[in-house]
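The next block is entry-v1.cif, given as mmCIF, C-alpha atoms; chains and numbers go by the auth columns.
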data_input
#
loop_
_atom_site.group_PDB
_atom_site.id
_atom_site.type_symbol
_atom_site.label_atom_id
_atom_site.label_comp_id
_atom_site.label_asym_id
_atom_site.label_seq_id
_atom_site.Cartn_x
_atom_site.Cartn_y
_atom_site.Cartn_z
_atom_site.B_iso_or_equiv
_atom_site.auth_seq_id
_atom_site.auth_asym_id
ATOM 1 C CA MET A 1 -26.498 -60.045 -10.777 0.00 1 A
ATOM 2 C CA LYS A 2 -25.139 -58.078 -13.695 0.00 2 A
ATOM 3 C CA PRO A 3 -24.520 -54.352 -13.113 0.00 3 A
ATOM 4 C CA ALA A 4 -26.644 -53.460 -16.129 0.00 4 A
ATOM 5 C CA PHE A 5 -29.592 -55.267 -14.538 0.00 5 A
ATOM 6 C CA CYS A 6 -29.041 -53.794 -11.025 0.00 6 A
ATOM 7 C CA LEU A 7 -29.142 -50.179 -12.138 0.00 7 A
ATOM 8 C CA PRO A 8 -32.797 -50.217 -13.290 0.00 8 A
ATOM 9 C CA ILE A 9 -33.819 -52.013 -10.083 0.00 9 A
ATOM 10 C CA LEU A 10 -32.072 -49.393 -7.953 0.00 10 A
ATOM 11 C CA PHE A 11 -33.717 -46.638 -9.967 0.00 11 A
ATOM 12 C CA LEU A 12 -37.133 -48.282 -9.529 0.00 12 A
ATOM 13 C CA LEU A 13 -36.614 -48.683 -5.775 0.00 13 A
ATOM 14 C CA SER A 14 -35.551 -45.064 -5.374 0.00 14 A
ATOM 15 C CA ALA A 15 -38.598 -43.888 -7.328 0.00 15 A
ATOM 16 C CA CYS A 16 -40.894 -45.872 -5.018 0.00 16 A
ATOM 17 C CA ARG A 17 -39.380 -44.382 -1.875 0.00 17 A
ATOM 18 C CA PRO A 18 -41.840 -41.982 -0.256 0.00 18 A
ATOM 19 C CA GLU A 19 -40.608 -38.463 0.180 0.00 19 A
ATOM 20 C CA ALA A 20 -39.296 -37.658 3.623 0.00 20 A
ATOM 21 C CA GLU A 21 -41.661 -35.585 5.686 0.00 21 A
ATOM 22 C CA THR A 22 -40.627 -32.052 6.449 0.00 22 A
ATOM 23 C CA VAL A 23 -40.215 -31.540 10.171 0.00 23 A
ATOM 24 C CA ASP A 24 -40.233 -28.130 11.788 0.00 24 A
ATOM 25 C CA THR A 25 -37.357 -28.163 14.257 0.00 25 A
ATOM 26 C CA ALA A 26 -37.435 -24.460 15.075 0.00 26 A
ATOM 27 C CA ALA A 27 -38.935 -25.075 18.513 0.00 27 A
ATOM 28 C CA PRO A 28 -38.654 -28.723 19.527 0.00 28 A
ATOM 29 C CA MET A 29 -40.345 -29.823 22.718 0.00 29 A
ATOM 30 C CA ALA A 30 -38.054 -30.742 25.536 0.00 30 A
ATOM 31 C CA ARG A 31 -38.482 -34.273 26.816 0.00 31 A
ATOM 32 C CA LYS A 32 -38.895 -34.447 30.562 0.00 32 A
ATOM 33 C CA PRO A 33 -36.204 -36.832 31.791 0.00 33 A
ATOM 34 C CA SER A 34 -37.364 -39.983 33.478 0.00 34 A
ATOM 35 C CA TYR A 35 -36.988 -40.246 37.241 0.00 35 A
ATOM 36 C CA TYR A 36 -35.320 -43.607 36.634 0.00 36 A
ATOM 37 C CA GLU A 37 -32.856 -42.100 34.146 0.00 37 A
ATOM 38 C CA SER A 38 -32.036 -39.169 36.434 0.00 38 A
ATOM 39 C CA GLU A 39 -30.981 -41.560 39.183 0.00 39 A
ATOM 40 C CA LYS A 40 -28.097 -42.693 36.946 0.00 40 A
ATOM 41 C CA ARG A 41 -26.536 -39.239 36.700 0.00 41 A
ATOM 42 C CA GLN A 42 -25.630 -36.569 39.168 0.00 42 A
ATOM 43 C CA THR A 43 -28.422 -34.032 39.543 0.00 43 A
ATOM 44 C CA VAL A 44 -29.083 -31.203 41.935 0.00 44 A
ATOM 45 C CA ALA A 45 -32.326 -31.898 43.738 0.00 45 A
ATOM 46 C CA THR A 46 -34.987 -29.208 43.665 0.00 46 A
ATOM 47 C CA PRO A 47 -35.584 -28.224 47.288 0.00 47 A
ATOM 48 C CA VAL A 48 -38.941 -28.973 48.873 0.00 48 A
ATOM 49 C CA LYS A 49 -40.501 -25.513 49.335 0.00 49 A
ATOM 50 C CA THR A 50 -43.613 -26.558 51.273 0.00 50 A
ATOM 51 C CA GLN A 51 -44.896 -29.558 53.193 0.00 51 A
ATOM 52 C CA ILE A 52 -48.306 -29.259 51.510 0.00 52 A
ATOM 53 C CA PRO A 53 -48.699 -32.592 49.674 0.00 53 A
ATOM 54 C CA ALA A 54 -50.816 -31.190 46.834 0.00 54 A
ATOM 55 C CA LEU A 55 -53.099 -28.402 45.662 0.00 55 A
ATOM 56 C CA SER A 56 -56.494 -28.864 44.018 0.00 56 A
ATOM 57 C CA ALA A 57 -55.793 -26.007 41.594 0.00 57 A
ATOM 58 C CA ILE A 58 -52.846 -24.035 40.279 0.00 58 A
ATOM 59 C CA LYS A 59 -54.129 -20.456 40.427 0.00 59 A
ATOM 60 C CA SER A 60 -50.886 -18.615 39.687 0.00 60 A
ATOM 61 C CA GLN A 61 -47.262 -18.877 38.628 0.00 61 A
ATOM 62 C CA ALA A 62 -46.398 -18.812 42.341 0.00 62 A
ATOM 63 C CA ASP A 63 -48.485 -21.976 42.909 0.00 63 A
ATOM 64 C CA PHE A 64 -46.719 -23.719 40.018 0.00 64 A
ATOM 65 C CA ASP A 65 -43.292 -22.659 41.310 0.00 65 A
ATOM 66 C CA LEU A 66 -44.149 -23.833 44.827 0.00 66 A
ATOM 67 C CA LEU A 67 -44.871 -27.397 43.669 0.00 67 A
ATOM 68 C CA SER A 68 -42.494 -27.739 40.714 0.00 68 A
ATOM 69 C CA ARG A 69 -39.305 -29.716 40.334 0.00 69 A
ATOM 70 C CA ILE A 70 -36.760 -28.505 37.794 0.00 70 A
ATOM 71 C CA TYR A 71 -34.649 -30.791 35.636 0.00 71 A
ATOM 72 C CA GLU A 72 -31.455 -29.343 34.150 0.00 72 A
ATOM 73 C CA GLN A 73 -31.741 -26.356 36.492 0.00 73 A
ATOM 74 C CA GLY A 74 -29.779 -23.297 35.408 0.00 74 A
ATOM 75 C CA SER A 75 -29.322 -24.485 31.829 0.00 75 A
ATOM 76 C CA GLU A 76 -31.138 -23.485 28.667 0.00 76 A
ATOM 77 C CA TYR A 77 -32.776 -26.909 28.805 0.00 77 A
ATOM 78 C CA GLU A 78 -34.313 -26.588 32.263 0.00 78 A
ATOM 79 C CA ILE A 79 -37.783 -28.067 32.571 0.00 79 A
ATOM 80 C CA PRO A 80 -39.916 -26.969 35.515 0.00 80 A
ATOM 81 C CA HIS A 81 -42.716 -29.500 35.923 0.00 81 A
ATOM 82 C CA ILE A 82 -45.319 -30.831 38.311 0.00 82 A
ATOM 83 C CA LEU A 83 -47.080 -34.162 38.521 0.00 83 A
ATOM 84 C CA PHE A 84 -50.867 -34.312 38.569 0.00 84 A
ATOM 85 C CA PHE A 85 -53.439 -36.987 39.129 0.00 85 A
ATOM 86 C CA ILE A 86 -57.166 -37.209 38.524 0.00 86 A
ATOM 87 C CA ASP A 87 -59.273 -39.593 40.626 0.00 87 A
ATOM 88 C CA ARG A 88 -62.234 -40.722 38.538 0.00 88 A
ATOM 89 C CA GLU A 89 -63.913 -42.378 41.549 0.00 89 A
ATOM 90 C CA ASP A 90 -63.777 -39.195 43.643 0.00 90 A
ATOM 91 C CA ASN A 91 -65.770 -36.821 41.407 0.00 91 A
ATOM 92 C CA ASN A 92 -62.736 -36.398 39.100 0.00 92 A
ATOM 93 C CA ARG A 93 -60.725 -34.879 41.932 0.00 93 A
ATOM 94 C CA THR A 94 -57.581 -33.267 40.540 0.00 94 A
ATOM 95 C CA ASP A 95 -54.430 -32.996 42.632 0.00 95 A
ATOM 96 C CA TYR A 96 -51.325 -31.068 41.613 0.00 96 A
ATOM 97 C CA ILE A 97 -48.585 -32.890 43.480 0.00 97 A
ATOM 98 C CA ASN A 98 -45.695 -31.381 45.440 0.00 98 A
ATOM 99 C CA THR A 99 -43.200 -32.839 42.976 0.00 99 A
ATOM 100 C CA PRO A 100 -39.931 -32.217 44.866 0.00 100 A
ATOM 101 C CA LYS A 101 -41.478 -34.038 47.847 0.00 101 A
ATOM 102 C CA PHE A 102 -43.069 -36.899 45.850 0.00 102 A
ATOM 103 C CA ARG A 103 -40.785 -37.833 42.950 0.00 103 A
ATOM 104 C CA LEU A 104 -43.272 -40.314 41.440 0.00 104 A
ATOM 105 C CA HIS A 105 -47.058 -40.556 41.304 0.00 105 A
ATOM 106 C CA GLU A 106 -46.829 -43.832 43.205 0.00 106 A
ATOM 107 C CA HIS A 107 -45.038 -42.126 46.126 0.00 107 A
ATOM 108 C CA TYR A 108 -47.906 -39.653 46.420 0.00 108 A
ATOM 109 C CA LEU A 109 -50.570 -42.332 46.041 0.00 109 A
ATOM 110 C CA ALA A 110 -48.931 -44.334 48.833 0.00 110 A
ATOM 111 C CA THR A 111 -49.563 -41.434 51.226 0.00 111 A
ATOM 112 C CA ILE A 112 -53.243 -40.951 50.383 0.00 112 A
ATOM 113 C CA LEU A 113 -54.393 -44.536 49.761 0.00 113 A
ATOM 114 C CA LYS A 114 -54.870 -47.240 52.348 0.00 114 A
ATOM 115 C CA PRO A 115 -54.126 -49.927 51.407 0.00 115 A
ATOM 116 C CA ILE A 116 -51.546 -48.850 48.855 0.00 116 A
ATOM 117 C CA LEU A 117 -51.755 -50.116 45.291 0.00 117 A
ATOM 118 C CA SER A 118 -49.918 -53.294 44.387 0.00 118 A
ATOM 119 C CA LYS A 119 -47.500 -53.123 41.444 0.00 119 A
ATOM 120 C CA THR A 120 -50.142 -54.803 39.249 0.00 120 A
ATOM 121 C CA GLU A 121 -52.823 -52.318 40.335 0.00 121 A
ATOM 122 C CA LEU A 122 -50.453 -49.418 39.732 0.00 122 A
ATOM 123 C CA ASN A 123 -49.608 -50.681 36.240 0.00 123 A
ATOM 124 C CA GLN A 124 -53.333 -50.870 35.453 0.00 124 A
ATOM 125 C CA GLN A 125 -53.514 -47.096 35.997 0.00 125 A
ATOM 126 C CA TYR A 126 -51.464 -46.768 32.801 0.00 126 A
ATOM 127 C CA ARG A 127 -53.048 -49.542 30.756 0.00 127 A
ATOM 128 C CA SER A 128 -56.740 -49.946 31.492 0.00 128 A
ATOM 129 C CA PRO A 129 -59.419 -47.801 29.852 0.00 129 A
ATOM 130 C CA ASN A 130 -61.409 -48.346 33.076 0.00 130 A
ATOM 131 C CA ARG A 131 -58.618 -47.149 35.369 0.00 131 A
ATOM 132 C CA ARG A 132 -59.368 -45.123 38.454 0.00 132 A
ATOM 133 C CA TYR A 133 -56.499 -42.627 38.131 0.00 133 A
ATOM 134 C CA LEU A 134 -55.061 -40.494 35.349 0.00 134 A
ATOM 135 C CA LEU A 135 -51.389 -39.791 36.044 0.00 135 A
ATOM 136 C CA GLY A 136 -49.608 -37.054 34.116 0.00 136 A
ATOM 137 C CA THR A 137 -47.152 -34.175 34.091 0.00 137 A
ATOM 138 C CA ILE A 138 -47.404 -30.461 33.319 0.00 138 A
ATOM 139 C CA SER A 139 -44.208 -28.716 32.268 0.00 139 A
ATOM 140 C CA TRP A 140 -43.099 -25.295 31.133 0.00 140 A
ATOM 141 C CA GLN A 141 -41.448 -25.449 27.696 0.00 141 A
ATOM 142 C CA ASN A 142 -38.837 -22.708 27.383 0.00 142 A
ATOM 143 C CA SER A 143 -38.466 -23.294 23.639 0.00 143 A
ATOM 144 C CA THR A 144 -42.125 -22.527 22.891 0.00 144 A
ATOM 145 C CA GLN A 145 -42.953 -20.436 25.975 0.00 145 A
ATOM 146 C CA GLU A 146 -45.996 -22.502 26.906 0.00 146 A
ATOM 147 C CA TYR A 147 -47.262 -25.058 29.384 0.00 147 A
ATOM 148 C CA VAL A 148 -47.864 -28.565 28.104 0.00 148 A
ATOM 149 C CA TYR A 149 -49.337 -31.619 29.748 0.00 149 A
ATOM 150 C CA GLU A 150 -48.351 -35.144 28.912 0.00 150 A
ATOM 151 C CA PHE A 151 -48.686 -38.747 29.918 0.00 151 A
ATOM 152 C CA TRP A 152 -46.032 -41.455 30.067 0.00 152 A
ATOM 153 C CA GLU A 153 -45.245 -42.737 26.566 0.00 153 A
ATOM 154 C CA GLY A 154 -46.369 -46.254 27.522 0.00 154 A
ATOM 155 C CA ASP A 155 -49.742 -45.047 28.810 0.00 155 A
ATOM 156 C CA LYS A 156 -52.601 -46.535 26.797 0.00 156 A
ATOM 157 C CA ILE A 157 -54.756 -43.496 27.443 0.00 157 A
ATOM 158 C CA THR A 158 -57.979 -43.391 25.426 0.00 158 A
ATOM 159 C CA PRO A 159 -59.550 -40.396 23.643 0.00 159 A
ATOM 160 C CA GLU A 160 -62.278 -40.328 26.309 0.00 160 A
ATOM 161 C CA LEU A 161 -59.719 -40.170 29.117 0.00 161 A
ATOM 162 C CA LEU A 162 -57.765 -37.464 27.271 0.00 162 A
ATOM 163 C CA LYS A 163 -60.952 -35.424 26.956 0.00 163 A
ATOM 164 C CA LEU A 164 -61.621 -35.807 30.681 0.00 164 A
ATOM 165 C CA ALA A 165 -58.047 -34.749 31.525 0.00 165 A
ATOM 166 C CA ALA A 166 -58.188 -31.742 29.195 0.00 166 A
ATOM 167 C CA GLY A 167 -61.387 -30.510 30.827 0.00 167 A
ATOM 168 C CA ARG A 168 -60.201 -30.998 34.404 0.00 168 A
ATOM 169 C CA LEU A 169 -56.845 -29.331 33.743 0.00 169 A
ATOM 170 C CA LYS A 170 -58.438 -26.410 31.905 0.00 170 A
ATOM 171 C CA ASP A 171 -60.780 -25.835 34.857 0.00 171 A
ATOM 172 C CA SER A 172 -58.046 -25.935 37.497 0.00 172 A
ATOM 173 C CA PHE A 173 -54.872 -24.510 35.917 0.00 173 A
ATOM 174 C CA TYR A 174 -54.300 -20.766 35.678 0.00 174 A
ATOM 175 C CA ALA A 175 -52.789 -20.653 32.173 0.00 175 A
ATOM 176 C CA PRO A 176 -53.532 -22.218 28.791 0.00 176 A
ATOM 177 C CA LEU A 177 -52.242 -25.772 28.369 0.00 177 A
ATOM 178 C CA ARG A 178 -51.423 -27.736 25.239 0.00 178 A
ATOM 179 C CA TYR A 179 -51.423 -31.520 25.067 0.00 179 A
ATOM 180 C CA LYS A 180 -48.022 -32.998 24.196 0.00 180 A
ATOM 181 C CA THR A 181 -48.365 -36.384 22.532 0.00 181 A
ATOM 182 C CA ASN A 182 -45.975 -39.029 23.828 0.00 182 A
ATOM 183 C CA SER A 183 -47.947 -42.225 23.454 0.00 183 A
ATOM 184 C CA LEU A 184 -46.466 -45.131 21.555 0.00 184 A
ATOM 185 C CA TRP A 185 -49.923 -46.681 21.162 0.00 185 A
#

Since I need it in another form, could you write the structure as structure tokens?
Amino acid sequence: MKPAFCLPILFLLSACRPEAETVDTAAPMARKPSYYESEKRQTVATPVKTQIPALSAIKSQADFDLLSRIYEQGSEYEIPHILFFIDREDNNRTDYINTPKFRLHEHYLATILKPILSKTELNQQYRSPNRRYLLGTISWQNSTQEYVYEFWEGDKITPELLKLAAGRLKDSFYAPLRYKTNSLW
């Protein structure tokens, strides 16, 4: 193509380009590292502070601290967090899991369910709108000084299930919570 012809095309293409969105980066949310990713690097394990498997409510900072695991402990990026689950077939029972003791939801479920879920059944808890369990995480965000709750980014959680989770967490957690969107769906 001749340069004289290319210039107008380039100008036209640049004019059609949508403007970049402005993103506020003043207080970005910290991403909770994956258990699977953390296994690949050296980390200091958060000590198990109690043998209690779970609490039905977090009534204070002390309750949160008792059950929390901390990633990047001692750094400005540390993320104290706890796992939670909601059992839709047990009157929306909400358990806040002893996260240093049970590193994954499936480890906790294996102790309370007989028989334990197969891998296929476990995967359905992240994909089916008719799932029995909602499996999520609550973390303290140092950058914004707030608690947030989130679900795995591959979770196909529906608006109805999000509404259920928001209500159950609000009723059983001592501080305000904000939903942190992670879903790729």

Go through the shown structure with the PyMOL selection byres ((chain A and resi 67-76) around 7) and write out the matching residues as an mmCIF file with C-alpha atoms, in the coordinates of the input.
data_model
loop_
_atom_site.group_PDB
_atom_site.id
_atom_site.type_symbol
_atom_site.label_atom_id
_atom_site.label_comp_id
_atom_site.auth_asym_id
_atom_site.auth_seq_id
_atom_site.Cartn_x
_atom_site.Cartn_y
_atom_site.Cartn_z
ATOM 1 C CA THR A 46 -34.987 -29.208 43.665
ATOM 2 C CA ASP A 63 -48.485 -21.976 42.909
ATOM 3 C CA PHE A 64 -46.719 -23.719 40.018
ATOM 4 C CA ASP A 65 -43.292 -22.659 41.310
ATOM 5 C CA LEU A 66 -44.149 -23.833 44.827
ATOM 6 C CA TYR A 77 -32.776 -26.909 28.805
ATOM 7 C CA GLU A 78 -34.313 -26.588 32.263
ATOM 8 C CA ILE A 79 -37.783 -28.067 32.571
ATOM 9 C CA PRO A 80 -39.916 -26.969 35.515
ATOM 10 C CA HIS A 81 -42.716 -29.500 35.923
ATOM 11 C CA ILE A 82 -45.319 -30.831 38.311
ATOM 12 C CA ILE A 97 -48.585 -32.890 43.480
ATOM 13 C CA ASN A 98 -45.695 -31.381 45.440
ATOM 14 C CA THR A 99 -43.200 -32.839 42.976
ATOM 15 C CA PRO A 100 -39.931 -32.217 44.866
#

Which residues would end up in the selection if the PyMOL selection byres ((chain A and resi 113-122) around 12) were applied here, given that I need the answer as a list in words?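 In the shown coordinates, the PyMOL selection byres ((chain A and resi 113-122) around 12) covers Asp87, Leu104, His105, Glu106, His107, Tyr108, Leu109, Ala110, Thr111, Ile112, Asn123, Gln124, Gln125, Tyr126, Arg127, Ser128, Asn130, Arg131, Arg132, Tyr133, Leu134, Leu135 and Asp155 of chain A.
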
So what do you get for atom CA of A:Phe85 versus atom CA of A:Gly167, distance-wise? 13.2 Å

Given the PyMOL selection byres ((chain A and resi 161) around 10), the residues it picks as a PDB file with C-alpha atoms, keeping the file's coordinate frame:
ATOM      1  CA  ARG A  88     -62.234 -40.722  38.538  1.00  0.00           C
ATOM      2  CA  PRO A 129     -59.419 -47.801  29.852  1.00  0.00           C
ATOM      3  CA  ASN A 130     -61.409 -48.346  33.076  1.00  0.00           C
ATOM      4  CA  ARG A 131     -58.618 -47.149  35.369  1.00  0.00           C
ATOM      5  CA  TYR A 133     -56.499 -42.627  38.131  1.00  0.00           C
ATOM      6  CA  LEU A 134     -55.061 -40.494  35.349  1.00  0.00           C
ATOM      7  CA  LYS A 156     -52.601 -46.535  26.797  1.00  0.00           C
ATOM      8  CA  ILE A 157     -54.756 -43.496  27.443  1.00  0.00           C
ATOM      9  CA  THR A 158     -57.979 -43.391  25.426  1.00  0.00           C
ATOM     10  CA  PRO A 159     -59.550 -40.396  23.643  1.00  0.00           C
ATOM     11  CA  GLU A 160     -62.278 -40.328  26.309  1.00  0.00           C
ATOM     12  CA  LEU A 162     -57.765 -37.464  27.271  1.00  0.00           C
ATOM     13  CA  LYS A 163     -60.952 -35.424  26.956  1.00  0.00           C
ATOM     14  CA  LEU A 164     -61.621 -35.807  30.681  1.00  0.00           C
ATOM     15  CA  ALA A 165     -58.047 -34.749  31.525  1.00  0.00           C
ATOM     16  CA  ALA A 166     -58.188 -31.742  29.195  1.00  0.00           C
ATOM     17  CA  GLY A 167     -61.387 -30.510  30.827  1.00  0.00           C
TER      18      GLY A 167
END

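The gap separating atom CA of A:Tyr174 from atom CA of A:Val44 is 28.0 Å, in Å to one decimal.
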
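Put simply, atom CA of A:Asn182 is 26.8 Å away from atom CA of A:Pro53.
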
Measuring atom to atom with all atoms listed in the file, identify which of A:Arg168, A:Thr94, A:Leu83, A:Ala175 is nearest to A:Trp152.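 Counting all atoms listed in the file, the residue closest to A:Trp152 is A:Leu83.
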
Please return the centre and edge lengths, in Å to one decimal, of a box with edges along x, y and z that contains all listed atoms of stretch 163-177 of chain A, widened by 4 Å on every side, as lines of an AutoDock Vina configuration file.
center_x = -56.9
center_y = -28.2
center_z = 32.2
size_x = 17.4
size_y = 23.2
size_z = 18.5

When distances are computed from only C-alpha atoms, which of A:Tyr179, A:Ala57, A:Pro47, A:Asp171 shows the smallest separation from A:Phe84?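 For A:Phe84, the nearest of the given residues is A:Ala57.
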
When you count only C-alpha atoms, which of these residues is closest to A:Thr144: A:Phe102, A:Lys59, A:Ser172, A:Arg178? A:Arg178

So which one's closest to A:Asn92, A:Leu169, A:Val148, A:Ala62, A:Ala45? Using all atoms listed in the file, please.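 Using all atoms listed in the file, the shortest distance to A:Asn92 belongs to A:Leu169.
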
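Of the listed residues (A:Gln61, A:Asp95, A:Ser139, A:Gly154), A:Ser139 comes nearest to A:Lys180; the distances count all atoms listed in the file.
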